[in-house]
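Visitor: This is structure.txt, which holds compact mmCIF, C-alpha atoms and all ligand atoms:
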# COMPACT_ATOMS: atom_id res chain seq x y z
CA MET A 1 192.90 259.58 8.17
CA ARG A 2 194.50 260.86 4.99
CA GLY A 3 197.33 263.33 4.47
CA PHE A 4 197.61 264.21 8.14
CA THR A 5 200.19 266.86 8.72
CA LYS A 6 200.89 268.33 12.09
CA THR A 7 203.63 270.85 12.25
CA LEU A 8 203.41 272.62 15.54
CA ALA A 9 206.28 275.02 15.59
CA LEU A 10 204.94 278.05 17.33
CA ALA A 11 207.00 281.17 17.56
CA SER A 12 207.13 281.61 21.32
CA SER A 13 207.52 285.35 21.21
CA ALA A 14 205.24 286.26 18.39
CA VAL A 15 205.15 289.99 17.84
CA LEU A 16 201.61 291.23 17.68
CA ALA A 17 200.76 293.87 15.19
CA THR A 18 197.75 295.45 13.71
CA GLY A 19 196.63 294.70 10.22
CA LEU A 20 193.92 292.08 9.96
CA LEU A 21 190.75 292.74 8.10
CA ALA A 22 189.51 291.34 4.89
CA ALA A 23 186.00 291.50 3.63
CA CYS A 24 183.75 288.60 4.53
CA GLY A 25 182.76 286.60 1.49
CA ALA A 26 184.69 288.81 -0.88
CA ALA A 27 185.74 286.05 -3.20
CA GLU A 28 185.14 285.64 -6.91
CA ASP A 29 182.82 282.72 -6.47
CA SER A 30 179.66 283.97 -8.12
CA GLY A 31 177.54 281.13 -6.85
CA SER A 32 177.22 279.05 -9.95
CA GLY A 33 179.34 277.50 -12.60
CA SER A 34 180.03 274.31 -14.41
CA SER A 35 182.91 272.28 -15.65
CA GLY A 36 183.70 268.89 -16.99
CA GLY A 37 183.74 267.13 -20.26
CA GLY A 38 181.49 264.37 -21.37
CA GLY A 39 178.53 264.43 -23.69
CA SER A 40 174.84 264.45 -22.90
CA ASP A 41 175.18 261.13 -21.08
CA SER A 42 177.95 262.41 -18.79
CA LYS A 43 177.36 262.30 -15.07
CA SER A 44 175.95 265.47 -13.55
CA ILE A 45 177.06 266.62 -10.11
CA ALA A 46 175.64 269.55 -8.16
CA PHE A 47 177.72 271.14 -5.41
CA ILE A 48 175.97 273.29 -2.81
CA GLN A 49 178.38 275.18 -0.59
CA GLY A 50 177.75 276.15 3.03
CA VAL A 51 178.10 279.78 1.98
CA ALA A 52 179.26 281.47 -1.21
CA GLY A 53 182.50 283.44 -1.16
CA ASP A 54 184.14 281.48 1.68
CA GLU A 55 187.65 280.48 0.64
CA PHE A 56 187.21 277.10 2.30
CA TYR A 57 184.36 276.26 -0.08
CA ILE A 58 186.11 277.91 -3.01
CA SER A 59 189.09 275.62 -2.45
CA MET A 60 186.70 272.70 -2.17
CA ARG A 61 185.14 273.74 -5.45
CA CYS A 62 188.59 273.69 -7.06
CA GLY A 63 189.09 270.09 -5.90
CA ILE A 64 185.62 269.11 -7.08
CA GLU A 65 185.98 270.67 -10.51
CA ALA A 66 189.39 269.13 -11.10
CA ALA A 67 188.19 265.67 -10.09
CA ALA A 68 184.99 265.99 -12.13
CA LYS A 69 186.92 267.07 -15.20
CA GLU A 70 189.11 264.03 -14.88
CA ALA A 71 186.05 261.81 -14.59
CA GLY A 72 184.22 263.52 -17.48
CA ALA A 73 181.41 264.71 -15.20
CA THR A 74 179.72 268.11 -15.20
CA VAL A 75 179.51 270.25 -12.05
CA ASP A 76 177.03 272.97 -11.12
CA VAL A 77 178.04 275.07 -8.10
CA GLN A 78 175.73 277.16 -5.95
CA GLY A 79 175.85 278.58 -2.46
CA PRO A 80 173.67 280.72 -0.19
CA GLU A 81 174.68 284.30 0.61
CA LYS A 82 174.86 283.42 4.31
CA PHE A 83 175.61 280.24 6.23
CA ASP A 84 171.93 279.78 6.95
CA PRO A 85 169.61 276.80 6.43
CA THR A 86 166.68 279.03 5.49
CA LEU A 87 168.73 280.24 2.53
CA GLN A 88 170.29 276.87 1.70
CA LYS A 89 167.06 274.84 1.70
CA PRO A 90 165.49 276.58 -1.34
CA ILE A 91 168.71 275.95 -3.27
CA VAL A 92 168.51 272.26 -2.38
CA ASP A 93 164.88 272.14 -3.47
CA SER A 94 165.64 273.66 -6.86
CA VAL A 95 168.68 271.44 -7.36
CA VAL A 96 166.60 268.37 -6.54
CA ALA A 97 164.01 269.49 -9.11
CA SER A 98 166.78 269.64 -11.72
CA LYS A 99 167.61 265.97 -10.98
CA PRO A 100 171.42 265.79 -11.01
CA ASP A 101 172.95 262.33 -10.66
CA ALA A 102 174.68 263.36 -7.45
CA LEU A 103 174.59 266.16 -4.92
CA LEU A 104 177.65 267.19 -2.92
CA ILE A 105 176.61 269.45 -0.07
CA ALA A 106 177.86 271.06 3.15
CA PRO A 107 174.63 271.20 5.20
CA THR A 108 174.33 274.39 7.24
CA ASP A 109 172.46 272.83 10.16
CA VAL A 110 172.29 269.31 11.55
CA SER A 111 168.52 269.27 11.97
CA ALA A 112 167.10 271.85 9.53
CA MET A 113 168.81 270.24 6.53
CA GLN A 114 167.94 266.66 7.51
CA ALA A 115 164.55 266.43 5.73
CA PRO A 116 165.49 268.30 2.53
CA LEU A 117 168.53 266.09 2.03
CA LYS A 118 166.70 262.89 2.84
CA ALA A 119 164.15 263.99 0.22
CA ALA A 120 166.97 264.42 -2.29
CA ALA A 121 168.19 260.88 -1.61
CA ASP A 122 164.62 259.55 -1.80
CA ALA A 123 164.34 261.19 -5.22
CA GLY A 124 167.20 258.97 -6.40
CA ILE A 125 169.99 261.54 -6.19
CA LYS A 126 173.22 260.23 -4.68
CA VAL A 127 173.97 262.54 -1.75
CA VAL A 128 177.54 263.02 -0.53
CA LEU A 129 178.09 265.18 2.54
CA VAL A 130 181.23 267.28 2.33
CA ASP A 131 182.50 269.10 5.45
CA THR A 132 179.37 269.28 7.61
CA THR A 133 176.79 266.58 8.27
CA VAL A 134 173.24 266.12 9.59
CA GLU A 135 171.74 264.32 12.59
CA ASP A 136 171.11 261.07 10.71
CA PRO A 137 173.30 260.84 7.63
CA SER A 138 172.35 257.22 6.88
CA PHE A 139 170.77 258.22 3.54
CA ALA A 140 174.09 259.61 2.29
CA SER A 141 176.42 257.60 0.07
CA SER A 142 179.41 259.07 1.86
CA ALA A 143 180.34 261.76 4.39
CA ILE A 144 183.75 263.42 4.20
CA SER A 145 185.11 265.86 6.75
CA SER A 146 188.17 266.94 8.68
CA ASP A 147 189.12 265.50 12.03
CA ASN A 148 187.27 268.34 13.74
CA VAL A 149 187.47 267.01 17.29
CA GLY A 150 191.22 266.45 16.80
CA GLY A 151 191.52 269.97 15.37
CA GLY A 152 189.90 271.43 18.48
CA LYS A 153 192.37 269.54 20.64
CA ALA A 154 195.26 270.77 18.47
CA ALA A 155 194.00 274.33 18.93
CA PHE A 156 194.23 273.91 22.69
CA ASP A 157 197.76 272.47 22.39
CA ALA A 158 198.76 275.53 20.38
CA ILE A 159 197.24 277.93 22.93
CA LYS A 160 199.00 276.06 25.74
CA GLN A 161 202.30 276.31 23.97
CA LEU A 162 201.80 280.06 23.68
CA ASN A 163 200.63 280.36 27.32
CA PRO A 164 202.57 277.72 29.28
CA ASP A 165 201.34 279.16 32.60
CA GLY A 166 197.69 278.67 31.69
CA GLY A 167 194.85 281.14 32.21
CA LYS A 168 191.39 281.94 30.93
CA VAL A 169 190.40 280.83 27.44
CA LEU A 170 187.37 281.67 25.35
CA VAL A 171 185.86 280.10 22.22
CA ILE A 172 184.24 282.11 19.45
CA SER A 173 182.16 279.88 17.19
CA THR A 174 179.54 280.46 14.50
CA ASP A 175 176.14 278.90 15.32
CA PRO A 176 175.13 275.94 17.44
CA GLY A 177 173.95 273.05 15.25
CA VAL A 178 176.80 273.24 12.75
CA SER A 179 178.44 269.82 13.03
CA THR A 180 182.00 270.84 12.23
CA VAL A 181 182.39 273.79 14.56
CA ASP A 182 180.48 272.01 17.33
CA ALA A 183 182.99 269.15 17.08
CA ARG A 184 185.91 271.61 17.23
CA VAL A 185 184.43 273.18 20.36
CA GLU A 186 184.03 269.73 21.90
CA GLY A 187 187.65 268.78 21.17
CA PHE A 188 188.90 272.08 22.58
CA LYS A 189 186.73 271.97 25.70
CA THR A 190 187.70 268.39 26.54
CA ALA A 191 191.37 269.36 26.33
CA VAL A 192 190.92 272.50 28.48
CA ASP A 193 188.94 270.57 31.10
CA ALA A 194 191.79 268.08 31.38
CA ASP A 195 194.32 270.81 32.21
CA SER A 196 193.83 272.46 35.59
CA SER A 197 196.03 275.45 34.74
CA PHE A 198 193.41 276.66 32.25
CA SER A 199 189.89 277.81 32.88
CA TYR A 200 187.20 277.60 30.20
CA LEU A 201 185.04 280.69 29.75
CA GLY A 202 182.72 278.89 27.37
CA VAL A 203 181.66 279.42 23.79
CA GLN A 204 180.01 282.45 22.23
CA TYR A 205 178.27 282.39 18.86
CA SER A 206 179.00 284.99 16.17
CA ARG A 207 176.52 283.81 13.49
CA ASN A 208 179.48 283.56 11.08
CA GLU A 209 179.75 287.37 11.10
CA PRO A 210 183.19 288.87 11.79
CA THR A 211 181.68 292.08 13.18
CA ARG A 212 179.69 290.14 15.72
CA ALA A 213 182.72 288.05 16.65
CA ALA A 214 184.69 291.26 17.24
CA GLN A 215 181.94 292.63 19.52
CA LEU A 216 181.77 289.37 21.48
CA VAL A 217 185.51 289.36 22.07
CA THR A 218 185.58 293.02 23.12
CA ALA A 219 182.73 292.45 25.58
CA ALA A 220 184.36 289.28 26.92
CA LEU A 221 187.59 291.19 27.54
CA GLN A 222 185.69 293.85 29.48
CA LYS A 223 184.25 291.16 31.73
CA ASP A 224 187.47 289.11 31.98
CA PRO A 225 190.41 291.41 31.22
CA ASP A 226 192.89 288.59 31.91
CA ILE A 227 191.88 286.27 29.05
CA VAL A 228 195.04 284.70 27.60
CA GLY A 229 193.71 282.81 24.60
CA VAL A 230 190.87 282.67 22.09
CA PHE A 231 190.04 279.69 19.92
CA ALA A 232 188.14 280.88 16.86
CA THR A 233 186.42 277.91 15.27
CA ASN A 234 186.36 279.07 11.66
CA LEU A 235 187.55 281.61 9.17
CA PHE A 236 185.08 284.39 10.01
CA ALA A 237 185.26 283.83 13.75
CA ALA A 238 189.05 284.19 13.53
CA GLU A 239 188.82 287.32 11.44
CA GLY A 240 186.42 288.98 13.90
CA SER A 241 188.27 287.79 17.01
CA ALA A 242 191.48 289.36 15.78
CA THR A 243 189.69 292.64 15.16
CA GLY A 244 188.10 292.58 18.62
CA ILE A 245 191.40 291.95 20.37
CA ARG A 246 193.09 294.66 18.39
CA GLN A 247 190.30 297.11 19.17
CA ALA A 248 190.63 296.28 22.86
CA GLY A 249 194.38 296.93 22.62
CA LYS A 250 195.10 293.46 23.99
CA GLN A 251 197.13 292.03 21.12
CA ASP A 252 200.20 291.58 23.31
CA GLN A 253 198.25 289.58 25.87
CA VAL A 254 195.71 287.42 24.05
CA LYS A 255 196.83 284.66 21.69
CA ILE A 256 194.45 283.63 18.92
CA VAL A 257 194.38 280.23 17.30
CA GLY A 258 191.94 280.02 14.42
CA PHE A 259 190.55 277.23 12.31
CA ASP A 260 191.00 277.72 8.54
CA ALA A 261 193.58 279.49 6.47
CA GLY A 262 192.26 281.91 3.89
CA PRO A 263 194.47 284.70 2.54
CA ALA A 264 193.19 287.16 5.19
CA GLN A 265 194.04 284.76 8.03
CA VAL A 266 197.51 284.24 6.61
CA LYS A 267 197.98 287.99 6.43
CA ALA A 268 196.97 288.22 10.10
CA LEU A 269 199.39 285.41 10.97
CA LYS A 270 202.24 287.17 9.22
CA ALA A 271 201.30 290.44 10.94
CA GLY A 272 201.35 288.65 14.31
CA THR A 273 197.68 289.33 15.09
CA VAL A 274 196.92 285.60 15.02
CA GLN A 275 199.45 283.03 16.25
CA ALA A 276 198.40 279.74 14.63
CA LEU A 277 195.99 278.53 11.98
CA ILE A 278 194.56 275.07 11.60
CA ALA A 279 194.21 274.56 7.87
CA GLN A 280 191.84 271.89 6.62
CA GLN A 281 192.15 270.10 3.27
CA PRO A 282 189.09 271.40 1.43
CA ALA A 283 190.29 270.45 -2.06
CA THR A 284 190.83 266.86 -0.91
CA ILE A 285 187.41 266.78 0.74
CA GLY A 286 186.00 267.90 -2.62
CA SER A 287 187.90 265.45 -4.80
CA ASP A 288 187.14 262.58 -2.43
CA GLY A 289 183.50 263.66 -2.65
CA VAL A 290 183.50 263.39 -6.43
CA GLU A 291 185.18 259.99 -6.27
CA GLN A 292 182.52 258.68 -3.88
CA ALA A 293 179.69 260.27 -5.87
CA ILE A 294 180.82 258.57 -9.06
CA LYS A 295 181.09 255.23 -7.32
CA ALA A 296 177.55 255.69 -5.98
CA ILE A 297 176.19 256.64 -9.41
CA ASP A 298 177.87 253.57 -10.93
CA GLY A 299 176.37 251.35 -8.23
CA ASP A 300 179.79 250.56 -6.74
CA ALA A 301 180.47 250.33 -3.00
CA THR A 302 181.31 253.67 -1.35
CA GLU A 303 183.23 254.60 1.78
CA LYS A 304 180.61 255.74 4.28
CA ASP A 305 182.94 257.99 6.29
CA ILE A 306 186.19 259.59 5.25
CA GLN A 307 188.20 261.76 7.60
CA THR A 308 190.78 264.19 6.29
CA GLY A 309 193.59 265.82 8.23
CA PHE A 310 194.84 269.30 8.91
CA THR A 311 198.01 271.33 8.90
CA ILE A 312 198.98 273.70 11.68
CA ILE A 313 200.33 276.88 10.16
CA THR A 314 202.48 279.34 12.06
CA LYS A 315 204.71 282.23 11.10
CA ASP A 316 207.58 279.73 11.00
CA ASN A 317 206.21 277.42 8.30
CA VAL A 318 203.74 279.59 6.40
CA ASP A 319 206.19 280.29 3.59
CA GLY A 320 207.76 276.83 3.78
CA ASP A 321 206.25 273.40 4.40
CA ALA A 322 202.76 274.73 5.00
CA LYS A 323 202.60 277.00 1.95
CA ASP A 324 200.33 274.69 -0.03
CA ALA A 325 197.86 274.35 2.82
CA VAL A 326 196.64 277.95 2.38
CA TYR A 327 193.16 278.22 0.84
CA LYS A 328 192.50 279.69 -2.57
CA SER A 329 190.26 282.60 -3.47
CA SER A 330 189.87 281.33 -7.01
CA CYS A 331 190.67 278.10 -8.86
O1 LIG B 401 185.55 276.02 8.73
C1 LIG B 401 184.94 275.94 7.49
C2 LIG B 401 184.00 274.77 7.49
O2 LIG B 401 184.68 273.60 7.82
C3 LIG B 401 182.87 275.01 8.48
O3 LIG B 401 181.94 273.97 8.42
C4 LIG B 401 182.19 276.34 8.22
O4 LIG B 401 183.16 277.38 8.17
C5 LIG B 401 184.18 277.22 7.20
O5 LIG B 401 183.63 277.17 5.92
C6 LIG B 401 185.14 278.42 7.23
O6 LIG B 401 184.47 279.63 7.09
So that I can check it, write out the structure of this file as structure tokens.

Guide:
Amino acid sequence: MRGFTKTLALASSAVLATGLLAACGAAEDSGSGSSGGGGSDSKSIAFIQGVAGDEFYISMRCGIEAAAKEAGATVDVQGPEKFDPTLQKPIVDSVVASKPDALLIAPTDVSAMQAPLKAAADAGIKVVLVDTTVEDPSFASSAISSDNVGGGKAAFDAIKQLNPDGGKVLVISTDPGVSTVDARVEGFKTAVDADSSFSYLGVQYSRNEPTRAAQLVTAALQKDPDIVGVFATNLFAAEGSATGIRQAGKQDQVKIVGFDAGPAQVKALKAGTVQALIAQQPATIGSDGVEQAIKAIDGDATEKDIQTGFTIITKDNVDGDAKDAVYKSSC
């Protein structure tokens, strides 16, 4: 694993306050762009994000563009409006028709994106999976992602530190079939099951929509008013969970640990609405992706699987050691 940073220094008496809410997908990423030097014979790389406007993929784009520039390759960036395979597949089909040398992609579903991506590889395009994967990634030159199972376990450790006496915990995820968040849920659940002071209320799916996540959390709190912790498996789940807990007036009782660290999540952390963030290394995932893509294009050996680390951000380190782990909303 590369660049693994774990700084678990949770403020034990975090003051909860109101104040979270940033628009979903409100980033500058217009969905397409290009960079890189090189002449007409320069290598062409397409990058298809999981969803446009998500600061995780924007930060990844920054890493990709910087690495491509260095290598003299061109980059074309596109992303669907929603994290949805029915919207991502047509983008893949049109990218494949344009015949780039390599395709970097975060597939939005393990099964629905299998055939379109296999078809891309069969067409001679070097496919590199960045972040998410598919059921059988054997056609891919490389697959690069965070230690998602480990991140789920770290989320439980953080919730336990905030609730040493245990209690009921809930997971808010996006959609089943998304490899990354499913792995985070698995890591979290395994850790909860191993600790008898906690009880697992299961996972609820928000379809990557903060409003839905907020509704799920509010409803869950009506059913189980004594929930002590929520693990939100990505940026939008965390945003919505914080809103739901605030709306239920339970911010002094329920601790939220969220995956990802966009500017809105950091604002929530500083406001005390969220207690810990697990920041991935999207720019590194992107630059590693370019490196592997170029090796594949050149016919050199690639690394089949690369795992990147994460940083745990709390109020205590957000302006210090963990400052650089925060995602960008533009490059
Ligand atoms: O958590 C990231 C990414 O790793 C996941 O696959 C989908 O959601 C994010 O993009 C954050 O919104």

Visitor: Ligand LIG 401 (chain B): which residues are within 7 Å, counting only C-alpha atoms and all ligand atoms, as a ChimeraX atom specification?

Guide: /A:50,54,56-57,131-132,178,180-181,233-236,259-260

Visitor: Excluding A:Pro90 and residues on its chain fewer than 5 positions from it, collect all residues at most 12 Å away from it, counting only C-alpha atoms, and give them as a PyMOL selection string.

Guide: chain A and resi 48+78-80+84-85+95-97+112-113+116-117

Visitor: Calculate how many Å separate atom CA of A:Lys89 from atom CA of A:Phe139, rounding to one decimal.

Guide: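 One can read the atom CA of A:Lys89 to atom CA of A:Phe139 distance as 17.1 Å.
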
Visitor: How close does stretch 90-126 of chain A get to stretch 42-46 of chain A? List, as JSON lines, each residue of stretch 90-126 of chain A within 9 Å, its nearest atom pair and the distance in Å to one decimal, counting all atoms listed in the file.

Guide:
{"residue": "A:Val95", "atom": "CA", "partner": "A:Ala46", "partner_atom": "CA", "distance": 7.3}
{"residue": "A:Lys99", "atom": "CA", "partner": "A:Ser44", "partner_atom": "CA", "distance": 8.7}
{"residue": "A:Pro100", "atom": "CA", "partner": "A:Ser44", "partner_atom": "CA", "distance": 5.2}
{"residue": "A:Asp101", "atom": "CA", "partner": "A:Ser44", "partner_atom": "CA", "distance": 5.2}
{"residue": "A:Ala102", "atom": "CA", "partner": "A:Ile45", "partner_atom": "CA", "distance": 4.8}
{"residue": "A:Leu103", "atom": "CA", "partner": "A:Ala46", "partner_atom": "CA", "distance": 4.8}
{"residue": "A:Leu104", "atom": "CA", "partner": "A:Ala46", "partner_atom": "CA", "distance": 6.1}
{"residue": "A:Ile105", "atom": "CA", "partner": "A:Ala46", "partner_atom": "CA", "distance": 8.1}

Visitor: With 10 Å as the cut-off and only C-alpha atoms counted, what is the closest atom pair between each nearby residue of stretch 165-194 of chain A and stretch 224-228 of chain A? Distances in Å to one decimal, ordered by chain and number, as JSON lines.

Guide:
{"residue": "A:Asp165", "atom": "CA", "partner": "A:Val228", "partner_atom": "CA", "distance": 9.8}
{"residue": "A:Gly166", "atom": "CA", "partner": "A:Val228", "partner_atom": "CA", "distance": 7.8}
{"residue": "A:Gly167", "atom": "CA", "partner": "A:Val228", "partner_atom": "CA", "distance": 5.8}
{"residue": "A:Lys168", "atom": "CA", "partner": "A:Ile227", "partner_atom": "CA", "distance": 4.7}
{"residue": "A:Val169", "atom": "CA", "partner": "A:Ile227", "partner_atom": "CA", "distance": 5.9}
{"residue": "A:Leu170", "atom": "CA", "partner": "A:Ile227", "partner_atom": "CA", "distance": 7.4}

Visitor: Given the choices A:Asp316, A:Asp288, A:Glu239, A:Asp321, which gets closest to A:Gly63 if the distance is worked out from all atoms listed in the file?

Guide: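 Distance minimum relative to A:Gly63 lands on A:Asp288.
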
Visitor: Using all atoms listed in the file, find the one residue out of A:Asn163, A:Ala271, A:Val217, A:Asp305 that sits nearest to A:Ile245.

Guide: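 Counting all atoms listed in the file, the residue closest to A:Ile245 is A:Val217.
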
Visitor: Name the residues in contact with A:Asp319 at a cut-off of 12 Å, using all atoms listed in the file, excluding same-chain residues fewer than 4 positions from it; report them as a PyMOL selection string.

Guide: chain A and resi 266-267+269-270+313-315+323-326

Visitor: Using only C-alpha atoms, which residue out of A:Asp41, A:Asp136, A:Glu81, A:Glu55 lies closest to A:Ser111?

Guide: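 Looking only at the distances to A:Ser111, the closest residue turns out to be A:Asp136.
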
Visitor: Could you tell me how far atom CA of A:Phe47 lies from atom CA of A:Thr74, in Å and to one decimal?

Guide: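 Separation of atom CA of A:Phe47 and atom CA of A:Thr74: 10.4 Å.
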
Visitor: Tell me, in Å to one decimal, how far atom CA of A:Lys189 is from atom CA of A:Val51.

Guide: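 According to the coordinates, atom CA of A:Lys189 and atom CA of A:Val51 are separated by 26.4 Å.
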
Visitor: Excluding A:Ser145 and residues on its chain fewer than 2 positions from it, collect all residues at most 9 Å away from it, counting all atoms listed in the file, and give them as a VMD selection string.

Guide: chain A and resid 129 to 133 143 147 to 148 180 281 to 282 285 305 to 309

Visitor: Restricting the calculation to only C-alpha atoms, which member of A:Ala154, A:Ile91, A:Cys62, A:Val203 is positioned closest to A:Pro176?

Guide: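 Checking each candidate against A:Pro176, we get A:Val203 as the closest.
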
Visitor: Rank A:Glu209, A:Lys118, A:Gln292, A:Glu186 by their smallest atom-to-atom distance to A:Lys82, using all atoms listed in the file, and report the top residue only.

Guide: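 Once distances to A:Lys82 are computed over all atoms listed in the file, the minimum belongs to A:Glu209.
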
Visitor: Got a sec: who's within 10 Å of A:Lys153, counting only C-alpha atoms, leaving out chain neighbours fewer than 6 positions off, as a ChimeraX atom specification?

Guide: /A:159,184-192

Visitor: Just checking: using all atoms listed in the file, which residue out of A:Gly289, A:Gly299, A:Gly262, A:Gly240 ends up closest to A:Arg61?

Guide: A:Gly289
